[in-house]
Amino acid sequence: MTTTPASPPARRGRSARTPAILRRSPAIWTITALLALLALIALFAPLLAPYPGDATGATDTSRALLPPSADHWFGTDHLGRDVFTRVLYGARVGPLIALIVVFVSLLVGLVVGLVAGYFGGWIDEVLMRVTDVFLAVPALLLALALASVLPRGVVGLTIALAVTWWPWYARLVRGEAASIAGRRHIEACRALGLPTWRILARHVLPSATTPLLVQASTDIGGVILVAAGLSFLGLGAQSPTPDWGLMVQESQNYFATHWWIGTFPGLAIMLVAALCYLLGDALRDRLDPRRTPRI
Amino acid sequence: MIAYTARRLGLSALVAFGVVVLTFVIARVVPGDPAAGWAGPRASQAERDRVRAELGLDDPLHTQIVNYVAGVLRGDWGISVRTHRPVLDDLSTLLPSTLQLVLAGLLIGLLVGIPAGLLAARWQGRLPDVVVRVGAVISGSMPVFWLALLIQMFFATRLGLLPVAGMYDQAVLAEHPLTRITGLSLVDALLTGNWAMAASVFDHLLLPALAVAAYPVAVIARLVRASVLDTLGETHVQMVRALGFRERSVLGRFALRLSWNPVLQTVALIFGSSLVNTFLVEAVFNYPGLGGYAAASATVLDVPAIVGVTLLVALLYIAANLIVDLLHAALDPRIRLR
């Protein structure tokens, strides 16, 4: 009935289990390798890109709107910039924003969720009502509203997205923390007089890492899509930053006649989002088979 | 049930109040000079001072919040800097168009997603399954604005099959004026028997709705596939199969029935994300809805309009969740005890 063959864990113990499981999943390895390749592309973009100047604002209208060729693999845009170069450099903008956003909101959500779930009572009640408020506004819309009043640019966008995203993690961690707070071994820790922060960090937190890991990898893809959408509306990176969403927006007037300008950046967004999403799926399959709807 | 309803209502009211406070923070606290946001970027100093006095920006913060909340409750959501009309008026004319587009997108999502999911479940592990699963990942990961541009370029500009932008043909509207009943232009046209307008609206709706539908299709297909496969293990489904029913009936009539509930729950869940995806699609197709309005407002820092859209969508969302929860509780007594 299951899609992946179940194999017994080779070693017991929390610390040893995660890497052992990863070792046996070719899907996770393939996706991780592809994402690592993407990170390398982002890192070495200046060396890989044929026209590095085109990513930082150089224009040459004499070679504007050229179709894909051996010189310009993805063609050139309306300002004569090499689209391939800009797509490579784009790996440094959107995905980086998404990584920072997920990391920051993960940290905030972790603290809020642990405190709410572990202590319960009125602290829990207040914190969760606050997350309710944030979750009542669809993510893209809240980020749009925030980004529009913050200073335009990558920094404003990142802040807006982080403010939007933390409540999801707070919810997730809170649920895990609350379910474990009453267990015997936590009571034992308390009876032993361990400091609260230590109980939280050493004994409550580990139980929340699996769902967090799954959620975070799926979310990076989601954040990339939302960030691209906001950049497309002009609320993110500003010209001449080679951001994929912005590139699609700049191509809008030329889309019907010069398809290559906007098609390749969009493909790049799709590729990265799909990889993150598949990684989340594969991680859930391996780490938490109980919850896996067979998809 | 009464106790549950009261508790749930109270909670929703609290969250709604929280959202009003959140929009207050966005409108008045985050920006460096809130008066500039409400008066527009090209406003003169005198205009800004007038707005500053009008909004009471020199008052202490708690007085400002009270006045702001009172204004929202009174229906005074400010004047749009861009359109110079009361924000609430703008929103009430635009909301139905957006709802029409979202509903059309979700409908396509159901019409395509359910058969696709069934197909994948029927041929699990075989070619149709692989096609559906790969297709779901692709259509779920596509940036919706990019998909909208591709669809627009291909079907409208290149092939000329359907209109490029807008909600209807102005010439058709001039000949067959539309009577406003529900505000949903397609429904209104059909109700009044205005076939020419109905056709025009439908033609203009199809392409944007396709773009909006991409994400729902992916989610619904995956969900139907997963839940049908799950139910195949259930005893009664195996019983039906043992009784010799055709595989098609086993899946379509018995296994699918059990997945209706999760499908409907998911549709309610993705309504919010589809709504904001619609915003991006509207911006591409120049479709006169909330999204185009929000996008245009955001680029010129029309704070009252942006905050108005945020507030409206959040309140709708809270109300929708409340209704869904109450319906659930009415149908399933176990929920009331939680």
# chains A, B, ... in the order shown; residues from 1 in each chain; ligands from 1

$ interface_residues --of "chain A" --to "chain B" --cutoff "6 Å" --atoms "only C-alpha atoms" --output "number ranges by chain"
A: 133, 136-138, 148-149, 225, 256, 266, 270, 273-274, 293-295

$ residues_around --residues "Arg81 in chain A" --least-positions-apart "3" --cutoff "8 Å" --atoms "only C-alpha atoms" --output "VMD selection string"
chain A and resid 54 to 55 58 to 60 63 to 64 76 to 78 86

$ closest_atom_pairs --of "range 180-250 of chain B" --to "range 165-170 of chain B" --cutoff "6 Å" --atoms "only C-alpha atoms" --output "CSV"
residue,atom,partner,partner_atom,distance
B:Ser200,CA,B:Tyr168,CA,5.3
B:Val201,CA,B:Tyr168,CA,4.9
B:His204,CA,B:Met167,CA,5.4

$ select_by_dssp --residues "range 99-177 of chain B" --states "helix (DSSP H, G or I)" --output "PyMOL selection string"
chain B and resi 99-122+127-141+144-158+170-175

$ residues_around --residues "Gly221 in chain A" --least-positions-apart "6" --cutoff "12 Å" --atoms "only C-alpha atoms" --output "PyMOL selection string"
(chain A and resi 35+94-99+101-102+214-215+227-228+268-281) or (chain B and resi 137+140-143)

$ closest_residue --among "B:Val212, B:Leu94, B:Met197, B:Ile220" --to "Ala120 in chain B" --atoms "only C-alpha atoms"
B:Ile220

$ residues_around --residues "Thr231 in chain B" --least-positions-apart "2" --cutoff "10 Å" --atoms "only C-alpha atoms" --output "number ranges by chain"
B: 226-229, 233-238, 251, 254-259

$ atom_distance --atom1 "CA of Arg52 in chain B" --atom2 "CA of Gly153 in chain A"
26.7 Å

$ closest_residue --among "A:Thr131, A:Thr61, A:Ser217, A:Thr209" --to "Ile31 in chain A" --atoms "only C-alpha atoms"
A:Ser217

$ closest_residue --among "A:Met247, A:Thr257, A:Ala42, A:Gln238" --to "Val155 in chain A" --atoms "only C-alpha atoms"
A:Gln238

$ closest_residue --among "A:Gly236, A:Gly109, A:Pro265, A:Pro206" --to "Trp168 in chain A" --atoms "only C-alpha atoms"
A:Gly109

$ residues_around --residues "Tyr169 in chain A" --least-positions-apart "6" --cutoff "9 Å" --atoms "only C-alpha atoms" --output "count of residues only"
11

$ residues_around --residues "Gln64 in chain B" --least-positions-apart "2" --cutoff "12 Å" --atoms "only C-alpha atoms" --output "ChimeraX atom specification"
/B:21,24-25,27-29,52-62,66-71
